[in-house]
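Engineer: Structure supplied as final20.tsv; contents: TSV, C-alpha atoms.
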```
chain	number	residue	atom	x	y	z
A	1	MET	CA	0.00	0.00	0.00
A	2	THR	CA	1.32	3.42	-0.92
A	3	ALA	CA	1.03	6.52	1.17
A	4	GLY	CA	0.36	8.89	-1.73
A	5	PRO	CA	2.39	12.04	-2.26
A	6	LYS	CA	3.16	14.42	0.57
A	7	ILE	CA	1.52	17.70	-0.50
A	8	PHE	CA	3.11	21.11	0.02
A	9	ALA	CA	0.71	23.97	-0.82
A	10	ARG	CA	3.58	26.21	-1.97
A	11	PRO	CA	7.34	25.87	-2.27
A	12	SER	CA	8.04	27.87	0.90
A	13	ALA	CA	6.07	25.20	2.82
A	14	LEU	CA	9.09	22.95	2.21
A	15	LEU	CA	11.12	25.07	4.64
A	16	GLY	CA	11.39	23.15	7.87
A	17	SER	CA	10.53	19.82	6.23
A	18	VAL	CA	14.00	18.26	6.35
A	19	GLY	CA	13.70	14.71	7.63
A	20	THR	CA	10.21	14.18	6.22
A	21	LEU	CA	9.82	10.64	4.90
A	22	LEU	CA	8.02	10.18	1.58
A	23	GLY	CA	6.22	7.20	0.13
A	24	PRO	CA	6.66	4.54	-0.85
A	25	SER	CA	5.45	4.71	-4.45
A	26	GLU	CA	3.60	2.04	-6.39
A	27	TRP	CA	5.62	-0.99	-7.53
A	28	ILE	CA	6.52	-1.23	-11.21
A	29	ILE	CA	7.83	-4.28	-13.02
A	30	ILE	CA	11.09	-4.21	-14.91
A	31	ASP	CA	10.41	-6.39	-17.93
A	32	GLN	CA	12.65	-7.21	-20.87
A	33	ALA	CA	10.69	-4.91	-23.22
A	34	ARG	CA	11.45	-1.91	-20.95
A	35	VAL	CA	15.14	-2.84	-20.78
A	36	ASP	CA	15.33	-3.37	-24.56
A	37	GLY	CA	13.62	-0.03	-25.17
A	38	PHE	CA	16.09	1.74	-22.90
A	39	ALA	CA	18.96	0.01	-24.73
A	40	ASP	CA	17.59	1.28	-28.05
A	41	VAL	CA	17.24	4.86	-26.81
A	42	THR	CA	20.66	5.00	-25.16
A	43	LEU	CA	22.48	2.81	-27.71
A	44	ASP	CA	23.70	0.64	-24.82
A	45	HIS	CA	23.14	-2.92	-26.02
A	46	GLN	CA	25.55	-4.66	-23.64
A	47	TRP	CA	24.68	-8.37	-23.55
A	48	ILE	CA	24.05	-8.39	-19.77
A	49	HIS	CA	20.97	-6.26	-20.50
A	50	VAL	CA	19.64	-7.52	-23.83
A	51	ASP	CA	20.92	-11.04	-24.59
A	52	VAL	CA	18.55	-13.24	-22.56
A	53	GLU	CA	20.23	-16.54	-23.48
A	54	ARG	CA	23.81	-15.39	-22.88
A	55	ALA	CA	22.83	-13.64	-19.63
A	56	LYS	CA	21.44	-16.91	-18.21
A	57	ALA	CA	25.07	-18.08	-17.93
A	58	GLY	CA	26.26	-14.67	-16.72
A	59	PRO	CA	26.96	-13.46	-13.20
A	60	PHE	CA	23.30	-12.73	-12.34
A	61	GLY	CA	21.57	-15.70	-13.98
A	62	GLY	CA	19.60	-13.47	-16.32
A	63	THR	CA	19.40	-10.03	-17.83
A	64	ILE	CA	19.52	-6.98	-15.60
A	65	ALA	CA	18.26	-3.43	-15.99
A	66	HIS	CA	20.74	-0.73	-16.90
A	67	GLY	CA	21.74	1.24	-13.81
A	68	TYR	CA	20.76	4.44	-15.60
A	69	LEU	CA	17.35	2.96	-16.44
A	70	THR	CA	16.80	2.34	-12.75
A	71	MET	CA	17.97	5.87	-11.92
A	72	SER	CA	15.81	7.44	-14.65
A	73	LEU	CA	12.70	5.88	-13.11
A	74	VAL	CA	13.21	8.17	-10.12
A	75	ASN	CA	11.45	10.75	-12.31
A	76	HIS	CA	8.44	8.40	-12.36
A	77	PHE	CA	8.53	7.86	-8.58
A	78	LEU	CA	9.10	11.48	-7.51
A	79	PRO	CA	5.56	12.81	-8.17
A	80	GLN	CA	4.16	9.80	-6.33
A	81	LEU	CA	6.22	10.83	-3.30
A	82	ILE	CA	5.99	14.64	-3.23
A	83	ASP	CA	3.57	17.16	-4.72
A	84	VAL	CA	4.72	20.77	-4.48
A	85	GLN	CA	2.01	23.19	-5.58
A	86	GLY	CA	1.68	26.93	-6.06
A	87	PHE	CA	4.81	27.62	-8.08
A	88	THR	CA	5.12	29.59	-11.30
A	89	HIS	CA	7.76	27.25	-12.70
A	90	ALA	CA	10.17	24.60	-11.52
A	91	VAL	CA	13.40	23.12	-12.79
A	92	ASN	CA	15.24	19.88	-12.26
A	93	VAL	CA	18.66	21.09	-11.14
A	94	GLY	CA	20.25	17.65	-11.20
A	95	ALA	CA	21.32	14.87	-8.91
A	96	ASP	CA	24.04	14.18	-6.37
A	97	ARG	CA	25.39	11.10	-4.63
A	98	LEU	CA	24.18	8.47	-7.06
A	99	ARG	CA	25.03	4.94	-5.95
A	100	PHE	CA	24.06	1.64	-7.58
A	101	LEU	CA	23.93	-0.92	-4.78
A	102	SER	CA	22.23	-3.97	-6.24
A	103	PRO	CA	21.37	-5.14	-9.78
A	104	VAL	CA	17.73	-5.22	-10.86
A	105	LEU	CA	17.00	-8.56	-12.48
A	106	VAL	CA	14.49	-8.48	-15.32
A	107	GLY	CA	11.16	-9.58	-13.91
A	108	SER	CA	11.74	-7.76	-10.61
A	109	ARG	CA	9.48	-5.09	-9.19
A	110	ILE	CA	10.88	-1.81	-7.93
A	111	ARG	CA	9.49	1.24	-6.15
A	112	GLY	CA	10.74	4.51	-4.75
A	113	ALA	CA	10.82	5.81	-1.20
A	114	GLY	CA	12.13	9.23	-0.25
A	115	GLU	CA	13.34	11.60	2.40
A	116	ILE	CA	13.70	15.37	2.22
A	117	VAL	CA	17.35	15.91	3.13
A	118	ALA	CA	17.82	19.63	2.41
A	119	VAL	CA	15.75	22.73	1.69
A	120	GLU	CA	17.05	26.25	1.13
A	121	GLU	CA	16.08	29.58	-0.39
A	122	ILE	CA	18.00	30.41	-3.57
A	123	LYS	CA	17.46	33.61	-5.62
A	124	GLY	CA	13.68	33.83	-5.47
A	125	ALA	CA	13.21	30.09	-5.32
A	126	ILE	CA	13.09	27.20	-2.91
A	127	GLN	CA	15.50	24.39	-3.65
A	128	SER	CA	14.92	20.94	-2.23
A	129	VAL	CA	17.02	17.81	-2.16
A	130	VAL	CA	15.04	14.59	-1.95
A	131	ARG	CA	16.96	11.36	-1.42
A	132	ILE	CA	15.24	8.60	-3.37
A	133	THR	CA	15.90	4.98	-2.54
A	134	VAL	CA	14.86	2.59	-5.29
A	135	GLU	CA	13.83	-0.61	-3.55
A	136	ILE	CA	13.69	-4.07	-5.12
A	137	GLU	CA	10.82	-6.22	-3.91
A	138	GLY	CA	12.15	-8.96	-1.64
A	139	ALA	CA	15.76	-7.77	-1.80
A	140	GLU	CA	17.89	-6.89	1.19
A	141	LYS	CA	19.69	-4.00	-0.51
A	142	PRO	CA	18.16	-1.27	-2.68
A	143	ALA	CA	18.91	-0.93	-6.37
A	144	CYS	CA	20.12	2.62	-6.05
A	145	ILE	CA	20.06	5.75	-3.95
A	146	VAL	CA	20.18	9.22	-5.48
A	147	ASP	CA	19.73	12.77	-4.21
A	148	THR	CA	17.47	14.67	-6.61
A	149	ILE	CA	17.61	18.47	-6.66
A	150	SER	CA	14.54	20.52	-7.60
A	151	ARG	CA	14.07	24.29	-7.65
A	152	TYR	CA	10.59	25.84	-7.33
A	153	TYR	CA	9.85	29.49	-8.11
A	154	GLU	CA	6.98	31.14	-6.26
A	155	GLY	CA	5.22	34.32	-7.27
A	156	SER	CA	2.72	35.43	-9.82
A	157	ALA	CA	2.94	34.07	-13.32
A	158	ALA	CA	3.78	36.65	-15.96
```
Would you write the structure of this file as structure tokens?

Structural biologist:
Amino acid sequence: MTAGPKIFARPSALLGSVGTLLGPSEWIIIDQARVDGFADVTLDHQWIHVDVERAKAGPFGGTIAHGYLTMSLVNHFLPQLIDVQGFTHAVNVGADRLRFLSPVLVGSRIRGAGEIVAVEEIKGAIQSVVRITVEIEGAEKPACIVDTISRYYEGSAA
């Protein structure tokens, strides 16, 4: 069961929210079609991701998701974890502290859980850092952990 997103009525409501836990999100399955599609888009066709037969004899007993596929799904999980409202525009500033801790075998289900780890005012905006942990169903260690950085601008729209 998911908790639904934590709602902040405006970006400034994030101030004082450090330590707030978010989520978890809904589970999604990592199937071979998703992995193959990511390989096509990124031109990364390494056999460990796309060659099902060869990967059976590989180190993981099957194909695994690209680490960057797993990380990119944070963008899918984030709005399920946090909903900041009342801004004129927002930008994805980037990410810090990305770590891949465990491979995601094709056929696995993953989800995101978060924690607000930093919030500050920056030039007419509120910047937040949300640490997302991508969990693998039934696994002891997460797939990855990444700090996402978002900047929200309050004020009237022009």

Engineer: Restricting the calculation to all atoms listed in the file, which member of A:Ala55, A:Thr20, A:Leu98, A:Glu26 is positioned closest to A:Gly114?

Structural biologist: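 When distances to A:Gly114 are compared using all atoms listed in the file, the smallest one comes from A:Thr20.
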
Engineer: Which of these residues is nearest to A:Ala125, using all atoms listed in the file: A:Pro11, A:Asp51, A:Leu78, A:Glu140?

Structural biologist: A:Pro11

Engineer: Excluding A:Asp83 and residues on its chain fewer than 5 positions from it, collect all residues at most 6 Å away from it, counting all atoms listed in the file, and give them as a list in words.

Structural biologist: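 What passes the distance filter is Pro5, Lys6 and Ile7 of chain A.
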
Engineer: Pick out the residues sitting within 9 Å of A:Ala39, and hand them over as an MDAnalysis selection string; count all atoms listed in the file, and ignore anything fewer than 3 positions along from it in its own chain.

Structural biologist: chainID A and resid 34:36 42:46 49:50 66 69

Engineer: Would you mind exporting C-alpha atoms of the selected residues as an mmCIF file, in the frame of the given file?

Structural biologist:
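Final file, result-v8.cif:
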```cif
data_model
loop_
_atom_site.group_PDB
_atom_site.id
_atom_site.type_symbol
_atom_site.label_atom_id
_atom_site.label_comp_id
_atom_site.auth_asym_id
_atom_site.auth_seq_id
_atom_site.Cartn_x
_atom_site.Cartn_y
_atom_site.Cartn_z
ATOM 1 C CA ARG A 34 11.450 -1.910 -20.950
ATOM 2 C CA VAL A 35 15.140 -2.840 -20.780
ATOM 3 C CA ASP A 36 15.330 -3.370 -24.560
ATOM 4 C CA THR A 42 20.660 5.000 -25.160
ATOM 5 C CA LEU A 43 22.480 2.810 -27.710
ATOM 6 C CA ASP A 44 23.700 0.640 -24.820
ATOM 7 C CA HIS A 45 23.140 -2.920 -26.020
ATOM 8 C CA GLN A 46 25.550 -4.660 -23.640
ATOM 9 C CA HIS A 49 20.970 -6.260 -20.500
ATOM 10 C CA VAL A 50 19.640 -7.520 -23.830
ATOM 11 C CA HIS A 66 20.740 -0.730 -16.900
ATOM 12 C CA LEU A 69 17.350 2.960 -16.440
#
```

Engineer: Nearest to A:Ser108 among A:Ile149, A:Arg54, A:Gly19, A:Trp27, with distances taken over only C-alpha atoms: which residue is it?

Structural biologist: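 Nearest candidate to A:Ser108 out of A:Ile149, A:Arg54, A:Gly19, A:Trp27: A:Trp27.
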
Engineer: Suppose you want the space between atom CA of A:Ala9 and atom CA of A:Gly155; what is it in Å?

Structural biologist: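 Here the two named atoms are 13.0 Å from each other.
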
Engineer: So how many Å separate atom CA of A:Ala113 and atom CA of A:Glu135, to one decimal?

Structural biologist: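 Computed distance, atom CA of A:Ala113 to atom CA of A:Glu135, equals 7.5 Å.
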
Engineer: May I have the residues within 12 Å of A:Ser12 as a PyMOL selection string, using all atoms listed in the file and disregarding those fewer than 4 positions away in the same chain?

Structural biologist: chain A and resi 8+16-17+84-87+119-122+124-128+151-155

Engineer: Using atom CA of A:Val106 and atom CA of A:Gly61 as the two end points, give the distance in Å to one decimal.

Structural biologist: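 Calculated distance between atom CA of A:Val106 and atom CA of A:Gly61 is 10.2 Å.
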
Engineer: Rank nothing, just name the residue among A:Val18, A:Val129, A:Ile82, A:Val41 nearest to A:Gly112, using all atoms listed in the file.

Structural biologist: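 Closest residue, counting all atoms listed in the file: A:Ile82.
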